Each structure stands twice: as structure tokens, then as C-alpha cells.
Amino acid sequence: MTNEVDDPASEGDPGQPTSSRRGHRVHFLTVVLVALAVVLLIEVVAPLHSLPAPRQIPWWILIALFCAAEVFVVHIQFRRDAHSFSLSELPLVVGFFFAPPLVVVLSMVAGTAIALSVHRRQSPLKLAFNLANFTVANSVAALLFMRLVDHHDALSAISFFGVLVAILTGGVLQSLVILTAISFSEGRVDAAGIASTFGFAQAATVVNTCLALIGVRIIWESPAEIWLLAIPTVGCFIAYRFYVAEREKRDQVDFLYQSSKQLQRTEAVDDAVATLLTKSCEVFRAERAEITFLPTRERDAVVRTTVDKEQTTEFMTPVTLDDVELAFMSRLLLDSPLLLSAHGKTDGDPGGFLERRGLRDAMAVVLRGENNMVGTMLIANRLGEVTGFDDEDLRLLEMLANQTGVILERGRLQHSLSQLTVLQEQLRHEASHDPLTGMANRLLFGSRVEQALAQTGQHVGVLFIDIDDFKTVNDSLGHAAGDELLCAIADRIGECLRPGDIAARLGGDEFAVLLIGIDEPATAVRISERVIEALREPFIIAAEEVLTHASIGIATAVDTQCDGQELLQNADLALYTAKSSGKSRWELFEPAMYAAVQRRHRLKADLYHAVESVEFELVYQPIVRVSTCSIVAAEALLRWRHPTRGTVLPDDFISLVEETGLITQVGAWVLRSACEEARDWPEVDGAEPVAVSVNVAVRQLREPDFVDSVRTVLHETGLEASRLILEVTEADIIYDTEPIIGCLDALRDLGVRIALDDFGTGHSSLSRLRDFPVDILKIDRSFTASLCGPTQSVGFAHSVFNFGVGLGLSVIAEGVETEECLRELNDLGCELAQGYLFGQPLSPLAMRRLLEHNIAVPTASTPVGAVAAGATPHTR
């Protein structure tokens, strides 16, 4: 029984690499088979002679017989491939006895090609594969036939046995090639299925060969009686068809039973549906199977579970039904089941549904439960080109749908009840917890505070925690990195707490902690200090080292009675005070904070008027060369002349300028005013021109036109670029370094010098410092003061100064207040110094008079009290 595989290389999804590789293997196998077939025909079959038979059968009769054998076939489905079994052994055996072997093989190729291309409409690849496979197998059979029969009586038992061996060998070879194609196509081998399918093939080959040998004897001795062979031939064909039909019925019953058992016994409905659809693809030989679940409530979505021919599953995917699908659903509800084909067969393609979904043919049925319609089931794109979906397939699908609909309705109800319980718990948790960190949210935290205060004798404390400059991190590294950082911060806060304490995220970068059972405010202070220290340790976020600092407001209900709202408000005021006092610190609530906050709000309102009315002025603090005490530069320091408060120092309003976003306007005014003043400073013969140093905020550096504005100011004021120093604070530029470095490079290209202010305060690593294009390091006043401190402090301070000198940068020591420090700096080789030792900040007029002599002589150590009362040298 000659057989061919109808789909040796299933058309895989182009997007699937595995399918593509398997397809290439089948293509390669086909090419090898074709080449081998040609070689066997020329080198093996052509030289063979025919048997000395009493008569010859012409080639055109053989072609007709082979074509008929391939038209009337029996189809057996093996997994995704349809195997077609024919009676081609009859013309093959008869031809070997009554025609030359080459004529027989070529007639087989011609007749089979006509049947497969015209009747079956096989694709070129499948046609080439099957014809080459037939040619190779029958060429081997022809060779064995002549070797085993040629030397004996043609009608003897030995010859007939040789014929049986030759035909079986060809059949086995043909089956092995098909097995190879299946393994290439599917990537695996089902041993049980192979044994069943190909065992049947070889058994049928033996029967067909024996039937053909009877025909040979009749034709050899009495050709007129050949019609008697038709009866057993038709009987065999009917028996084959009956066997296949019974086998399919058995498989269908088993399919229905297994599907029902799977759906009833599996708790996970989604998995059971996916398994059902996968099995449906195999049974119906389809590329696609899907179940569309219709909503049971008005606001529910339509969802669909789909399995394709690659057994890729899409679980419960929400879908939107367009007009075409809605029209198809309406018809299906009325006429279920439907058998559809895009080629005009069966029920056709109503409303263009198949075309809209990109399908060739399909079966569709409604899934009905005991009370409601559950959904619809669709089986689409019949595999192979032998047959399409038929009425038998549709009846089987309808039986499957009847039992599936009821089971799914019950399963959906049970599943819905269990999911409802889970959903209620989930919603309850989500309503009271932060989705990002899993901490309590503001609502739950407030409730827990009220509960803690309601317990008699319970002493509680509340910490409000705000991450300083978190927006800078978020803007520079991205929101995903910001979320990762917030989760890491939440973990560290949790590690600092005691058992029973409750941490919460109130929103954004704000956290809170409820301390239960504290004895005194000092307990809350100790925990706050632990949190601040823990958050100072670097985080590794998105492969970057990120440094954070936190401000904490503390409020307790130990010695006073207050409600939850009042306690939270007190903690918020303490936090506001901490951030206003310099950040990275804690503050314990005091009643006086109310008045301080009110004053700060009034000051903020006055600030807008100050910008409009230009109530600001600049003073200048000299920067001197340590070796000669000659003035080389002066730092411009900002003062606010308030109409009623008098002079307001930068520490009291710079943070407000940044909060209100006025920093760009104020910074532009400072830059222009300082350049105009420095342009008019007197020059002393033989002395280098005195430069002016101006502080700029990181927000100014991020302005896209900042470099152009500096260029414009220099041009309009006439100040040489080399006489302008722009100071940037180390803590302000550790994030978002790439655009800032670009801005600093552009400024240096103008000839402007860059100074890094407050160096050594611990905000950045030394390796990161090398990335910044700076010319001057301004060593923080804390290290300058250490030069006259304990021995261990002196050693560390020396290291910091030596580091700056080692980089080849100019070093300015800030906060020089004593002649002893000045001598130490000189011994260290520090080039420049700045501080009260050389005088208080000077008005523009006083600065010009001082520059006429260009010498700042150290007078005496400025008292500590006077230093504290002075202005912090920051120009904002």
C-alpha cells in the first residue's frame, strides 16, 4: 500500500524561529530525495530489462491505473499529518511483470503527478516530496524485483515471494522517509502513533501485493477473466474505508470522554480550556482553535483563549468585537453550528468573517450551559489539502460543544465565587497599601495612628520622612529607576524600625513611621538618626551609584494629649522646619514652629515683590593668594534688603528662591550685576586682573540657553571671560551628570573658569570628580578648620588638600579665620584662601577702594561669634 504524507512541511509562522528551522530541514530532505531519485532512475532502473512475458501492457494504461489508484485513496490522520493510502501496489506489481521497469517507474511518476496536482491540488513542495519518495522507493523495489525474480519461473512461489519482499522493502523505505519528514516537521516522534499508523500501512501492502499477484497470474494465463479481480479489489477498498471510519469513531468517542474528564477534574479552568483546544486541533486536524467567552455581567469584557498550530496559547485575552464579528455572532446564535469556507463551499463566508480573521475555512458552534450561553467555539484552517471540514466533523464539534458548555458554566460559577473572595481580599489590601512598596498608605496609616492614640496610656510618635532632592534623581535616571529607588528606600526604613512599628508611604517621596510604645521623645530621635544614617549609604540603581539624604519631622504624644490629625500636622510642621534648615537632618516638633512657618510663608510672598522691585544687592569677599596675600578674585555674595526686615541673609531665603522657581531670574541678575561691577574694578600695574566668582544653581545649568546667556552678558558688559569664575556646588551636580558636563565644557570653551564649591562634604566619589571639567576646587570650611584641630583631623584635612593639588587644580581654602591656618595652608602648598581673616564681605564701593592697593592683610582672628553672625558665602 503506497502512502504519502499530505503535509510534510507544515507552513509555520514566519515569526517562529523553530518552525522556520524545521521547514528548512524538510526543504533540504526534499532536495536530497529528488537528486537521489534522478540518480536511481538513470543508473539503476534504466539498465534493467523486462521479463519475458507473453504480453505487454502499454505505458498509457499504466499511467491511467496509477492515476486512478491515487484518486481513490484512504486517508488516515496521524497527529498533524494526513497520510493517504492507495492501491498503487496493483499497477506496480502488474507493471513489473508486463512492462520494462523504467516504463513502470516513469508511468508511476506521471500518473501520480496528475492525481496529486490536478485532483489533490498539492503545493509544489509537497508534490516534489511525494513524487521523489515514490520514485526512490519503487526504484529500489524494481531492482530487488529483477534480482529475485529474473532467475526463476515468473509464476513460481519463489518468484512471488521475491515480489512480496521487493514491494515490502520499497514500502518500508517509503515509510521511513515519511517518518523522517514528520520528525523534521514536528521536532519529536510519537512512537506509539507511528507503530499504529505504519503497521497498518505495511499490513495493507502485503494484502495489496497478494491481490496484485493473483491478477498477474490471471493476465499471464487467461486475460479474459481479469474482470474477476475487480470484486476482491473493491472489497479490500471498502474494508479499508470501514476500518478507518471505525478507528475515527473510536478516537472521537475517546476524545469526547477525555475532554469531559479533563474539564470536570481540573481546578484551573484556564488550563483545562487550553488542553481542550490543543486536543481539538489534533482531532480536527486544524491550525487554530479558540473559545470566546461572552460576558456574564454588563461591564465584563469579552475574553478569548486561543491555541494555534504551534501550540502557542493565549489565555483569556480581552477582545473587542467589531461589526463583522458581531454580525457573525448574531448569525451563529440563530444557525449554530456553521461550516464556513472562503472558497464558496458549505455555508460560504457570511459577511466576510473568514477574510476579516485571515482564515481559510472554519467550523463554529455556540457553547450553551444549562441556563445561559457561555460563549462560542471556533475550529479553523484545516491542515493539509486532502479534505476540508465536513458534516462528520461538524457533528463531532457539536457534541463536544454540548458537554463543554455545561461544564464550563458550572466551572465558571465556581471559579467566579473563589475569585470573588480573592478579589475582595485583594481590593481590601490595595485600598490600604501602597502598590509600589507594599507599605501602608496614607489612609491606613492615619487609621493606625488613631487606634494607637485611643489606647489608654499608649505613648506614640510619628516620623514624617522626605527624600531630599528626589526629583533630581527621578528626572536624571528616569521614572523606572525612581520607582526602584523608592522600593530600596522603603526596605532600608523598615530595617531601622522596631517590631510593632508601622511604616507607610504617603505618596511621591514622602514616607511616615508610627512608633508605638515609646518612653520619651529621645527614642523617636534615635530611630530618626538611624534612618538618616541608613539612607546616606549609596544605592546601586540602574547600574549607577545613587546617593540620597532624608529630612525627618518628629512629633510625639508622650507628655501631651492630642488627636491623630493634630499629631500628623505637628510632624509635618517639623519636617517643613527640617527641610528649611538645610535638609538631611531631623527636627522635633515645638509649638514655636507654627510661628516660624507663618513667617516663612510671608517671606515667600515678599520674595516675589523683591524680584520685581530688585531689592537685592551684592557684596564681595576677597580671595587671596596665600603666599603674597594679594587679591586674585572676589566672590559675589547676595543680600536682600527687605523694606521692613532689613538685611536678609541667603540662608534665610535661598531655599525659598529655589522652591518658587525664581532661581533663574535671580541668578541672571546676579551674573550681570557682578560682571558689570568687575569690569570697573581698578587694575594695579604688575598685578594680575582680579576675577569675580559667581555661584550658579544646577537649575541654571540645565537651562538650554544658559551658555548663550553667559556669552551675551560677557559681550554686553565687556568683561573678559578669563575674569569670570562660575561656582557649582558639589552636592547639586552629582546627578544628571552628562548634560551638566556638556554645559560646563561649553562654558570653559568660552574661557570661563569653573570652580567646584564645598568640595569634600561627602556627596560624590573621587572617581566621579575626575569626570567634571573644573579648574578650581573650593575646599569646604570644615576641612580648613581641621588644620588646627586634633592630630587625626589634621591628617585627614591634609589628604583632602593634597588630593586637589595632585589633580593639578587650583585650590581655594574656604573659611580661613586664623593666621595659624594661613601658615598651615602655606606649608601645604595651598594656592588660594578665602575667609574672615581677610575681612568681612565688602560693599561694591569698599571693594573698589581695597583693589586700589590690591592687598588684603590678615588682621587678627575673627571672634567665633562674629563669624557666626556673618553671611554664608553663597551667591544664589
# chains A, B, ... in the order shown; residues from 1 in each chain; ligands from 1
>>> residues_around(residues="region 508-512 of chain A", least_positions_apart="6", cutoff="9 Å", atoms="only C-alpha atoms", output="PyMOL selection string")
chain A and resi 442+445+462-468+470-471+486+490+493+502
>>> residues_around(residues="Thr660 (chain A)", least_positions_apart="3", cutoff="9 Å", atoms="only C-alpha atoms", output="PyMOL selection string")
chain A and resi 604+608+655-657+663
>>> write_last_selection(atoms="all heavy atoms", output="mmCIF file, in the first residue's frame")
data_model
loop_
_atom_site.group_PDB
_atom_site.id
_atom_site.type_symbol
_atom_site.label_atom_id
_atom_site.label_comp_id
_atom_site.auth_asym_id
_atom_site.auth_seq_id
_atom_site.Cartn_x
_atom_site.Cartn_y
_atom_site.Cartn_z
ATOM 1 N N LYS A 604 8.009 84.232 51.721
ATOM 2 C CA LYS A 604 7.879 83.761 50.347
ATOM 3 C C LYS A 604 7.054 84.734 49.519
ATOM 4 O O LYS A 604 7.388 85.034 48.364
ATOM 5 C CB LYS A 604 7.230 82.369 50.331
ATOM 6 C CG LYS A 604 7.147 81.761 48.932
ATOM 7 C CD LYS A 604 6.399 80.435 48.925
ATOM 8 C CE LYS A 604 7.144 79.360 49.683
ATOM 9 N NZ LYS A 604 6.470 78.043 49.554
ATOM 10 N N TYR A 608 8.510 87.455 45.891
ATOM 11 C CA TYR A 608 8.048 87.792 44.542
ATOM 12 C C TYR A 608 8.146 89.302 44.309
ATOM 13 O O TYR A 608 8.557 89.760 43.242
ATOM 14 C CB TYR A 608 6.602 87.320 44.348
ATOM 15 C CG TYR A 608 6.468 85.831 44.175
ATOM 16 C CD1 TYR A 608 6.130 85.007 45.250
ATOM 17 C CD2 TYR A 608 6.665 85.232 42.933
ATOM 18 C CE1 TYR A 608 6.007 83.630 45.106
ATOM 19 C CE2 TYR A 608 6.544 83.850 42.778
ATOM 20 C CZ TYR A 608 6.215 83.071 43.860
ATOM 21 O OH TYR A 608 6.084 81.713 43.700
ATOM 22 N N SER A 655 16.590 78.926 49.853
ATOM 23 C CA SER A 655 15.736 77.750 49.648
ATOM 24 C C SER A 655 14.363 78.155 49.117
ATOM 25 O O SER A 655 13.749 77.437 48.318
ATOM 26 C CB SER A 655 15.590 76.970 50.962
ATOM 27 O OG SER A 655 14.999 77.782 51.969
ATOM 28 N N LEU A 656 13.877 79.345 49.551
ATOM 29 C CA LEU A 656 12.597 79.836 49.039
ATOM 30 C C LEU A 656 12.710 80.213 47.559
ATOM 31 O O LEU A 656 11.782 79.991 46.780
ATOM 32 C CB LEU A 656 12.133 81.052 49.842
ATOM 33 C CG LEU A 656 11.637 80.783 51.262
ATOM 34 C CD1 LEU A 656 11.260 82.093 51.942
ATOM 35 C CD2 LEU A 656 10.447 79.846 51.239
ATOM 36 N N VAL A 657 13.853 80.782 47.191
ATOM 37 C CA VAL A 657 14.055 81.127 45.784
ATOM 38 C C VAL A 657 14.007 79.866 44.922
ATOM 39 O O VAL A 657 13.424 79.850 43.832
ATOM 40 C CB VAL A 657 15.403 81.857 45.601
ATOM 41 C CG1 VAL A 657 15.689 82.101 44.122
ATOM 42 C CG2 VAL A 657 15.395 83.180 46.354
ATOM 43 N N ILE A 663 14.858 81.073 40.939
ATOM 44 C CA ILE A 663 16.307 80.996 40.942
ATOM 45 C C ILE A 663 16.901 81.429 39.600
ATOM 46 O O ILE A 663 17.968 82.044 39.543
ATOM 47 C CB ILE A 663 16.774 79.560 41.305
ATOM 48 C CG1 ILE A 663 18.276 79.516 41.503
ATOM 49 C CG2 ILE A 663 16.314 78.559 40.269
ATOM 50 C CD1 ILE A 663 18.761 80.271 42.684
#
>>> atom_distance(atom1="CA of Gly517 (chain A)", atom2="CA of Arg492 (chain A)")
21.6 Å
>>> atom_distance(atom1="CA of Asp745 (chain A)", atom2="CA of Glu727 (chain A)")
13.9 Å
>>> closest_residue(among="A:Leu588, A:Cys281, A:Ala687, A:Val713", to="Leu750 (chain A)", atoms="only C-alpha atoms")
A:Val713
>>> select_by_dssp(residues="region 279-367 of chain A", states="alpha helix (DSSP H)", output="NGL selection string")
:A and (279-283 or 323-335 or 353-357)
>>> write_last_selection(atoms="N, CA, C and O atoms", output="CSV table (one decimal), in the first residue's frame")
chain,number,residue,atom,x,y,z
A,279,LYS,N,-6.1,19.6,22.1
A,279,LYS,CA,-6.6,18.3,21.6
A,279,LYS,C,-7.5,18.5,20.4
A,279,LYS,O,-7.5,17.7,19.5
A,280,SER,N,-8.3,19.5,20.4
A,280,SER,CA,-9.2,19.8,19.3
A,280,SER,C,-8.5,20.0,18.0
A,280,SER,O,-8.9,19.6,16.9
A,281,CYS,N,-7.3,20.8,18.1
A,281,CYS,CA,-6.5,21.0,16.9
A,281,CYS,C,-6.0,19.7,16.4
A,281,CYS,O,-6.0,19.5,15.1
A,282,GLU,N,-5.6,18.7,17.2
A,282,GLU,CA,-5.1,17.4,16.7
A,282,GLU,C,-6.3,16.6,16.1
A,282,GLU,O,-6.1,16.0,15.0
A,283,VAL,N,-7.4,16.5,16.8
A,283,VAL,CA,-8.5,15.7,16.4
A,283,VAL,C,-9.1,16.2,15.0
A,283,VAL,O,-9.4,15.4,14.1
A,323,ASP,N,-17.8,45.1,13.9
A,323,ASP,CA,-19.1,44.9,13.3
A,323,ASP,C,-19.2,43.6,12.6
A,323,ASP,O,-20.2,42.9,12.6
A,324,VAL,N,-18.1,43.2,11.9
A,324,VAL,CA,-18.1,41.9,11.2
A,324,VAL,C,-18.3,40.7,12.1
A,324,VAL,O,-19.1,39.8,11.9
A,325,GLU,N,-17.5,40.8,13.3
A,325,GLU,CA,-17.6,39.7,14.2
A,325,GLU,C,-19.0,39.7,15.0
A,325,GLU,O,-19.5,38.6,15.3
A,326,LEU,N,-19.5,40.9,15.2
A,326,LEU,CA,-20.8,40.9,15.9
A,326,LEU,C,-21.9,40.4,14.9
A,326,LEU,O,-22.8,39.6,15.4
A,327,ALA,N,-21.8,40.7,13.6
A,327,ALA,CA,-22.8,40.1,12.7
A,327,ALA,C,-22.6,38.6,12.6
A,327,ALA,O,-23.6,37.9,12.5
A,328,PHE,N,-21.4,38.1,12.6
A,328,PHE,CA,-21.2,36.7,12.6
A,328,PHE,C,-21.7,36.0,13.9
A,328,PHE,O,-22.4,34.9,13.8
A,329,MET,N,-21.5,36.6,15.0
A,329,MET,CA,-22.1,36.1,16.3
A,329,MET,C,-23.6,36.0,16.2
A,329,MET,O,-24.2,35.0,16.6
A,330,SER,N,-24.2,37.0,15.7
A,330,SER,CA,-25.7,37.0,15.6
A,330,SER,C,-26.2,35.9,14.7
A,330,SER,O,-27.1,35.2,15.0
A,331,ARG,N,-25.5,35.6,13.6
A,331,ARG,CA,-25.9,34.5,12.7
A,331,ARG,C,-25.7,33.2,13.4
A,331,ARG,O,-26.5,32.3,13.3
A,332,LEU,N,-24.5,33.1,14.1
A,332,LEU,CA,-24.2,31.8,14.8
A,332,LEU,C,-25.2,31.5,15.8
A,332,LEU,O,-25.6,30.3,16.0
A,333,LEU,N,-25.7,32.5,16.5
A,333,LEU,CA,-26.7,32.3,17.6
A,333,LEU,C,-28.0,31.7,17.0
A,333,LEU,O,-28.7,30.9,17.6
A,334,LEU,N,-28.3,32.0,15.7
A,334,LEU,CA,-29.5,31.6,15.0
A,334,LEU,C,-29.3,30.2,14.3
A,334,LEU,O,-30.2,29.4,14.3
A,335,ASP,N,-28.1,30.0,13.7
A,335,ASP,CA,-27.9,28.9,12.9
A,335,ASP,C,-26.8,27.9,13.4
A,335,ASP,O,-26.3,27.1,12.6
A,353,PHE,N,-16.4,37.2,7.4
A,353,PHE,CA,-15.8,36.9,8.7
A,353,PHE,C,-14.5,36.2,8.5
A,353,PHE,O,-13.5,36.6,9.2
A,354,LEU,N,-14.4,35.2,7.6
A,354,LEU,CA,-13.1,34.5,7.5
A,354,LEU,C,-12.0,35.4,6.9
A,354,LEU,O,-10.9,35.4,7.4
A,355,GLU,N,-12.4,36.2,6.0
A,355,GLU,CA,-11.4,37.2,5.4
A,355,GLU,C,-11.0,38.2,6.5
A,355,GLU,O,-9.8,38.5,6.6
A,356,ARG,N,-11.9,38.6,7.3
A,356,ARG,CA,-11.6,39.6,8.4
A,356,ARG,C,-10.6,38.9,9.4
A,356,ARG,O,-9.7,39.6,9.9
A,357,ARG,N,-10.8,37.7,9.7
A,357,ARG,CA,-9.9,37.0,10.6
A,357,ARG,C,-8.7,36.3,10.0
A,357,ARG,O,-7.8,35.8,10.7
>>> residues_around(residues="region 626-635 of chain A", least_positions_apart="4", cutoff="10 Å", atoms="only C-alpha atoms", output="MDAnalysis selection string")
chainID A and resid 618:622 674 678 687:695 723:727 812:813 822:823 825:827 829:834 838 841:842 847 850:851 853:858 873:875
>>> residues_around(residues="region 213-221 of chain A", least_positions_apart="3", cutoff="8 Å", atoms="only C-alpha atoms", output="list in words")
Ala53, Pro54, Arg55, Val93, Val94, Phe97, Leu155, Phe160, Thr209, Cys210, Ala224, Glu225, Ile226 and Leu229 of chain A
>>> write_last_selection(atoms="C-alpha atoms", output="JSON list (two decimals), in the first residue's frame")
[["chain", "number", "residue", "atom", "x", "y", "z"],
["A", 53, "ALA", "CA", 6.10, -12.17, -20.50],
["A", 54, "PRO", "CA", 3.56, -13.47, -23.05],
["A", 55, "ARG", "CA", 2.15, -9.96, -23.48],
["A", 93, "VAL", "CA", 3.31, -5.32, -9.46],
["A", 94, "VAL", "CA", 1.44, -5.93, -12.69],
["A", 97, "PHE", "CA", 5.70, -8.40, -14.90],
["A", 155, "LEU", "CA", 4.87, -17.61, -11.76],
["A", 160, "PHE", "CA", 6.01, -14.47, -5.86],
["A", 209, "THR", "CA", 0.61, -7.25, -3.22],
["A", 210, "CYS", "CA", -1.03, -10.65, -2.86],
["A", 224, "ALA", "CA", -10.29, -12.56, -20.40],
["A", 225, "GLU", "CA", -11.01, -13.40, -16.78],
["A", 226, "ILE", "CA", -9.34, -10.27, -15.36],
["A", 229, "LEU", "CA", -10.19, -9.34, -9.88]]
>>> atom_distance(atom1="CA of Glu484 (chain A)", atom2="CA of Ala543 (chain A)")
11.6 Å
>>> select_by_dssp(residues="region 501-651 of chain A", states="strand (DSSP E)", output="JSON, numbers by chain")
{"A": [502, 503, 504, 505, 506, 507, 510, 511, 512, 513, 514, 515, 516, 539, 540, 541, 544, 545, 546, 550, 551, 552, 553, 554, 555, 556, 557, 586, 587, 588, 616, 617, 618, 619, 620, 621, 622, 623, 624, 625, 631, 632, 633, 634, 635, 636, 637, 638, 639, 640, 641, 642, 646, 647, 648]}
>>> residues_around(residues="Gly438 (chain A)", least_positions_apart="6", cutoff="10 Å", atoms="only C-alpha atoms", output="ChimeraX atom specification")
/A:429-430,432,487,490,503-505
